[in-house]
Amino acid sequence: MWQKYGSDRVIDTPITEMGFAGLATGAACNGLRPVCEFMTWNFALQAIDQIINSAAKQLYMSAGDINVPIVFRGPNGAAAAVAAQHSQDFAAWYMSVPGLKVVSPYSCEDARGLIKAAIRDNNPVCVLENEMMYGRSFKLSQEAQSPDFLIPFGKLKVERAGTDVSIITFSRMVDYALQAAEKLEKEHGIKAEVINLRSLRPLDRDGIVASVKKTHHCVTVEEGWPTCGVGAEIGAILYEEAFDDLDAPVERVCGADVPMPYAFNLEQAALPQINDIANACLRSLHRNKRA
């Protein structure tokens, strides 16, 4: 990027998240469209006042006069053996804030379409990536390579169609869900539908409800903590809008309710694994049989 655009557009700042997030927010208030990158969203906690109080609330507090077209992006979620202060999933934090839009890509297509849509949006957008996916390769369609390829916010993607249970997730956990769905079909003949949310705020409520009305079972998957998590919000949506269509309670597969351990084996025990997702699907279907 620097070789292509130079120092006028790519600015290397001192390591002061509050400072450079504030500079970028001010630039957005004055007509620019900055992309503010955090080395990791864990460090964005130093800048959370700028993100929430300055960027997210400005349009409302100015009675619609001042847009803040800024993108905050960086790695989110668990990395690899970097302990509690560097391995946290902030999806539920930011998606709870009015004035922010929040997206979390899984594939290269997601990353391309969502970041382009975020830059063109007139509001603050948080792009929660996952550094464990940076080395993954995906096939990219001709459509996705178009300069004007955008993914609209608030629209989920069905990564794998199914009829027996809906697995609803985002980011790296989409990969785990797809592997769990393959395992379920191979070993049990169960056809799981895998939903890639992509957009967390706004959520595709209609798409979530439509999938569960078809399968009648739901398993949510996230790396974050269970209390007030993404899965909790999805569960609330389903209990409000599709309660009579559920044949079993929503199953949540989450990170353990503890700070992230440093030791690799304990880290793995604290995060959702493929077998955890598959077993949650089996539990959901089994509870239906017992009923």
# chains A, B, ... in the order shown; residues from 1 in each chain; ligands from 1

$ residues_around --residues "Phe20 in chain A" --least-positions-apart "3" --cutoff "12 Å" --atoms "only C-alpha atoms" --output "compact mmCIF listing (two decimals) with C-alpha atoms, in the first residue's frame"
# COMPACT_ATOMS: atom_id res chain seq x y z
CA ILE A 11 0.62 7.06 7.55
CA ASP A 12 2.73 5.19 10.08
CA THR A 13 1.83 6.62 13.48
CA PRO A 14 3.37 6.32 16.92
CA ILE A 15 2.03 3.41 18.95
CA THR A 16 -0.72 5.34 20.70
CA GLU A 17 -4.13 3.88 19.92
CA LEU A 23 -6.75 11.69 14.55
CA ALA A 24 -8.56 9.35 12.18
CA THR A 25 -11.96 10.15 13.69
CA GLY A 26 -11.29 13.87 13.35
CA ALA A 27 -10.25 13.35 9.73
CA PRO A 34 -9.70 6.97 6.90
CA VAL A 35 -9.03 3.29 7.54
CA CYS A 36 -7.68 3.02 11.08
CA GLU A 37 -5.79 -0.22 11.67
CA PHE A 38 -5.20 -1.73 15.07
CA ALA A 44 -8.21 -0.96 20.57
CA GLN A 46 -6.89 2.00 24.55
CA ALA A 47 -9.00 3.82 21.95
CA ILE A 48 -12.48 2.69 22.94
CA GLN A 50 -12.72 7.49 20.44
CA ILE A 51 -14.52 4.57 18.77
CA PHE A 72 -11.64 0.53 12.21

$ select_by_dssp --residues "range 5-221 of chain A" --states "strand (DSSP E or B)" --output "PyMOL selection string"
chain A and resi 35-37+71-75+77+88+101-103+125-129+157-160+165-169+192-196+199-201+218-221

$ write_last_selection --atoms "C-alpha atoms" --output "short mmCIF file (atom, residue, chain, number, x, y, z; two decimals), in the first residue's frame"
data_model
loop_
_atom_site.label_atom_id
_atom_site.label_comp_id
_atom_site.auth_asym_id
_atom_site.auth_seq_id
_atom_site.Cartn_x
_atom_site.Cartn_y
_atom_site.Cartn_z
CA VAL A 35 -9.03 3.29 7.54
CA CYS A 36 -7.68 3.02 11.08
CA GLU A 37 -5.79 -0.22 11.67
CA VAL A 71 -13.26 2.07 9.15
CA PHE A 72 -11.64 0.53 12.21
CA ARG A 73 -10.05 -2.81 11.32
CA GLY A 74 -7.70 -5.40 12.78
CA PRO A 75 -7.38 -8.98 14.06
CA GLY A 77 -10.46 -13.35 18.52
CA GLN A 88 -10.23 -11.99 23.04
CA LYS A 101 -21.72 -1.18 12.08
CA VAL A 102 -19.79 -4.39 12.72
CA VAL A 103 -18.69 -7.03 10.21
CA VAL A 125 -17.61 0.39 10.66
CA CYS A 126 -15.63 -2.09 12.77
CA VAL A 127 -14.08 -4.87 10.69
CA LEU A 128 -13.23 -7.78 12.97
CA GLU A 129 -10.79 -10.03 11.13
CA LYS A 157 -24.55 -16.28 3.61
CA VAL A 158 -25.59 -19.92 3.62
CA GLU A 159 -22.23 -21.67 3.27
CA ARG A 160 -23.77 -25.15 3.28
CA VAL A 165 -29.99 -28.28 12.21
CA SER A 166 -28.76 -24.71 11.69
CA ILE A 167 -25.19 -23.92 12.77
CA ILE A 168 -24.92 -20.13 12.99
CA THR A 169 -21.50 -18.57 13.32
CA ALA A 192 -26.50 -29.38 8.93
CA GLU A 193 -27.00 -25.91 7.46
CA VAL A 194 -23.98 -23.67 8.06
CA ILE A 195 -24.73 -19.96 8.30
CA ASN A 196 -21.96 -17.37 7.91
CA SER A 199 -22.57 -8.84 9.33
CA LEU A 200 -23.01 -8.66 13.12
CA ARG A 201 -24.57 -5.21 13.31
CA CYS A 218 -30.12 -24.15 16.18
CA VAL A 219 -26.52 -24.26 17.38
CA THR A 220 -24.57 -21.00 17.68
CA VAL A 221 -20.77 -20.96 17.66
#

$ atom_distance --atom1 "CA of Tyr176 in chain A" --atom2 "CA of Ile274 in chain A"
5.4 Å

$ residues_around --residues "range 283-287 of chain A" --least-positions-apart "5" --cutoff "9 Å" --atoms "only C-alpha atoms" --output "PyMOL selection string"
chain A and resi 164-165+217-219+247-251+278

$ atom_distance --atom1 "CA of Arg112 in chain A" --atom2 "CA of Ala144 in chain A"
7.5 Å
